[in-house]
Each structure stands twice: as C-alpha cells, then as structure tokens.
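Here's the structure we're looking at; comments come further down.
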Amino acid sequence: MSRIIPLILIVICVFLWYRSRRSTDRVLASMVPAAPGEQSARSRELGLLPPDELDTTRAAPQAPELSQALTAAGTGDWHQAAALLGSTAADHELRWLYVQELATAAAADDAWLSAWEKAEDKSADAAVVRAATTRADADIARAKELDPADPTPYVVELGTADADVDGIWPELRARAPHHFGAHLAAPGYTPAAHEAAQAPPGTLMSAFPLLAWYEEHQDAPADTEELRSLTDHALMDAAAAPTTHPHLPELRHLLAYFLYRQSRYDAALEQFRLVDGHVNALPWNNGNTLRRYLTAREETVQKAHTTSPAA
C-alpha cells in the first residue's frame, strides 16, 4: 500500500499538469494576434465578425426604409421616396443623408423623380432632390423658395464649384447651427473644431477636433492630456446622440481609433462592438481599409480585459 500511494499521487499530479497545460494552450491560442485577413479565437468568442463578413463600402448599415425607397425608385415608383423625405422635416441630418442617396439614384436614372415633379409640382422634397442631383443654381434657388426653412438646399449649395461660402454659411447656421453634414461639406472653412465645446451634447460636433487632429498629426503620439480630453468629450457626445443620427457610427469609428491609440482598450472594444460589420470610415479608409481596421481591432481584443459579450 505504501508503494501505491506515491504512484496515485504521481498520476494525480500528471493529470492536473496536463489539464492545466491544455487550458494554457487554449488561452495562448486565443491570444495569438491574427494576421491581416484572419481572426483570433478570442475575437470570435467576443462576437466580432470575421473579415469576410465586414462591409468595406459603408460606415453603417443602410436604413431599411431608405433601401425600400431606392428599390422602388429603380422601378419608377416615387411614392416611397416622397414618404421617406416627408418624415424627415424635423431631422436635418437624416434628411440630408436621404437627399444624397436619392440624388445619387436620380443621377443614374431620374425617370421616377421627373414623375414625382410632374405629379407634385410644388413639392419641396422633390425640388431638393433635384437640386442635389444637378447642383444647378436655378434648381437650388427653387428648392429654397419652396421651403425657406429647410437648410438642405444650402448644404447642397456648399458643394457647388463656385459656392460663396461666406454668404451661404450665415443662412445655413440660422436654420441649423450645428448641422454635421454642412460642416463636412465645407472642410477647412467652418470653425467646427473651435465650436465643439459650446455645441449641445448629441450634435456630434466633438468629432471635428478629432478629425482635425487626425488630418494634421495622425503619426504623432495620441496619448496626450489634450487629446484624451477631446476623446472624453466625444464619448459623452456620442452617448447623448440619438441612435438614429446618421453620423453616429462615423464618430464611433473615430473613438475606437483614438481609444486604441491611447491604450484604453476596454473602452475601444466597446466602440468596435458597436460599429463592427461596416468599416468604410475614417481612419480605416485612409488606404487598405480592412487591414487597418483588423490590425487595430485585433490588438484591442488581445489587450482588453473584457472576456465575454455580456461583460
């Protein structure tokens, strides 16, 4: 019996060592960073999508109602487009997004838009889509006349080749002082980066100081006190924004990048989870979109403390 007990202890120790080694091997395997185009085991466990399921054409999924309107327009039916724009009178950001998408469709085939204009010749919604399609002075003027309160024709005008930005901007700000799309349409002119601190929470104006830094200093250290403060402001801005804000995913992509650059991996992972699936946004789309996104996402996954989607 005295010989059996040591043997039993040895067997138990070997079993425990083997089980521990197997567990360690699984952890190490999940922590190995994935090569570009691959996905780590831990990333899969956290519910993040594999590379072949990431959409590099959009920053966010297209709204179903917009998809339906575009599909209907493709068949010559304008009624869904009219209903879609009719629902956005009080949401300038969403209206501008829809106008751009519908104008793109009309540029390819405007039969549905012409039918809409013929049926409702005083429709401000049809007029602003026409203005965004042609960017012609006469069409822009008509859209302004049909709905004087709408800032959208002024955003259209900002994108014209000979835009008088100094004249347009006061008119636009009088109608929508914190119009995100308008600030994007007039890069280098608007004082958005300086106005961000005074903008109401949820307007996403905090994105512009981050964009300005990225454009000028993207290779510089990002973990500075000033940049951390800007990032924290943007986090609060995103939390206050309506989930329907069309530019919220773009701000979240920026936040994922800056939090990653600041080694704030748990917070970065939260943003990656919120945007994962659609990656055509700054800073990833500044060359080799998928590789840039996956590199940052995988390093974040390996260094974050979160261990499950529910954590």
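Ligands are numbered from 1 in the order shown, residues from 1 within each chain, and chains are lettered A, B, ... in the order they appear in the structure tokens.
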Handout entry: Contacts of range 140-154 of chain A within 12 Å, only C-alpha atoms, excl. fewer than 4 positions in-chain, as a ChimeraX atom specification
Key = /A:85,88-100,120-136,158-160,163-183,185-186
Could you write out the selected residues, including C-alpha atoms, as a tab-separated table (two decimals), in the first residue's frame?
```tsv
chain	number	residue	atom	x	y	z
A	85	LEU	CA	-38.47	62.66	-47.11
A	88	THR	CA	-37.65	64.00	-42.02
A	89	ALA	CA	-38.75	67.63	-41.92
A	90	ALA	CA	-37.58	67.99	-38.30
A	91	ASP	CA	-34.44	65.87	-38.67
A	92	HIS	CA	-31.99	67.85	-40.79
A	93	GLU	CA	-29.18	65.29	-40.57
A	94	LEU	CA	-31.32	62.37	-41.66
A	95	ARG	CA	-32.94	64.50	-44.38
A	96	TRP	CA	-29.55	65.38	-45.84
A	97	LEU	CA	-28.48	61.73	-45.85
A	98	TYR	CA	-31.66	60.65	-47.64
A	99	VAL	CA	-31.42	63.51	-50.14
A	100	GLN	CA	-27.88	62.50	-51.04
A	120	GLU	CA	-46.46	67.28	-57.28
A	121	ASP	CA	-45.01	70.34	-58.96
A	122	LYS	CA	-44.84	72.30	-55.69
A	123	SER	CA	-43.10	69.57	-53.69
A	124	ALA	CA	-40.12	70.99	-51.79
A	125	ASP	CA	-38.91	67.44	-51.21
A	126	ALA	CA	-38.77	66.64	-54.92
A	127	ALA	CA	-37.17	70.03	-55.57
A	128	VAL	CA	-34.34	69.49	-53.09
A	129	VAL	CA	-33.58	66.05	-54.55
A	130	ARG	CA	-33.45	67.67	-58.00
A	131	ALA	CA	-31.13	70.37	-56.64
A	132	ALA	CA	-28.81	67.78	-55.11
A	133	THR	CA	-28.84	65.84	-58.37
A	134	THR	CA	-27.95	68.72	-60.70
A	135	ARG	CA	-26.34	71.23	-58.28
A	136	ALA	CA	-27.61	73.87	-60.72
A	158	LEU	CA	-21.90	74.44	-50.27
A	159	GLY	CA	-20.84	71.60	-52.55
A	160	THR	CA	-21.04	73.57	-55.79
A	163	ALA	CA	-20.03	78.34	-53.78
A	164	ASP	CA	-19.99	81.66	-51.94
A	165	VAL	CA	-19.34	80.06	-48.57
A	166	ASP	CA	-19.18	83.40	-46.76
A	167	GLY	CA	-22.67	84.19	-47.99
A	168	ILE	CA	-24.13	80.70	-47.55
A	169	TRP	CA	-22.88	79.98	-44.07
A	170	PRO	CA	-24.89	82.60	-42.12
A	171	GLU	CA	-28.08	81.45	-43.88
A	172	LEU	CA	-27.35	77.84	-43.08
A	173	ARG	CA	-26.46	78.49	-39.46
A	174	ALA	CA	-29.66	80.46	-38.97
A	175	ARG	CA	-31.59	77.31	-39.91
A	176	ALA	CA	-29.36	74.59	-38.43
A	177	PRO	CA	-26.42	75.95	-36.41
A	178	HIS	CA	-24.89	72.54	-35.67
A	179	HIS	CA	-25.53	70.72	-38.93
A	180	PHE	CA	-22.91	67.95	-39.04
A	181	GLY	CA	-23.33	67.32	-42.77
A	182	ALA	CA	-22.88	71.01	-43.54
A	183	HIS	CA	-19.60	71.12	-41.66
A	185	ALA	CA	-19.46	69.83	-46.87
A	186	ALA	CA	-17.30	72.88	-46.17
```
Exercise for the section: Please provide as JSON, numbers by chain all residues within 12 Å of Met236 in chain A, with the sequence filter that same-chain residues fewer than 5 positions apart are discarded (counting only C-alpha atoms). Expected result: {"A": [197, 200, 201, 202, 203, 204, 205, 206, 207, 229, 230, 231, 241, 251, 252, 255]}
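Counting only C-alpha atoms, the residue from A:Thr224, A:Ser67, A:Asn288, A:Thr300 that sits nearest to Tyr257 in chain A is A:Thr300.
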Problem - Test item, alpha helix (DSSP H) assignment across range 43-176 of chain A, answer as an MDAnalysis selection string - result: chainID A and resid 43:45 64:74 79:86 92:108 111:119 124:134 137:146 152:158 165:175
Exercise for the section: Find the spatial neighbours of Arg273 in chain A, counting only C-alpha atoms, within a cut-off of 10 Å - ignore same-chain residues fewer than 6 positions away - and output them as a PyMOL selection string. Expected result: chain A and resi 46-49+252+256+297+309
Exercise for the section: Would you kindly return, as a PyMOL selection string, each protein, DNA or RNA residue with an atom no farther than 10 Å from any atom of Gln68 in chain A, considering only C-alpha atoms and excluding same-chain residues fewer than 6 positions away? Expected result: chain A and resi 74+80-81+84
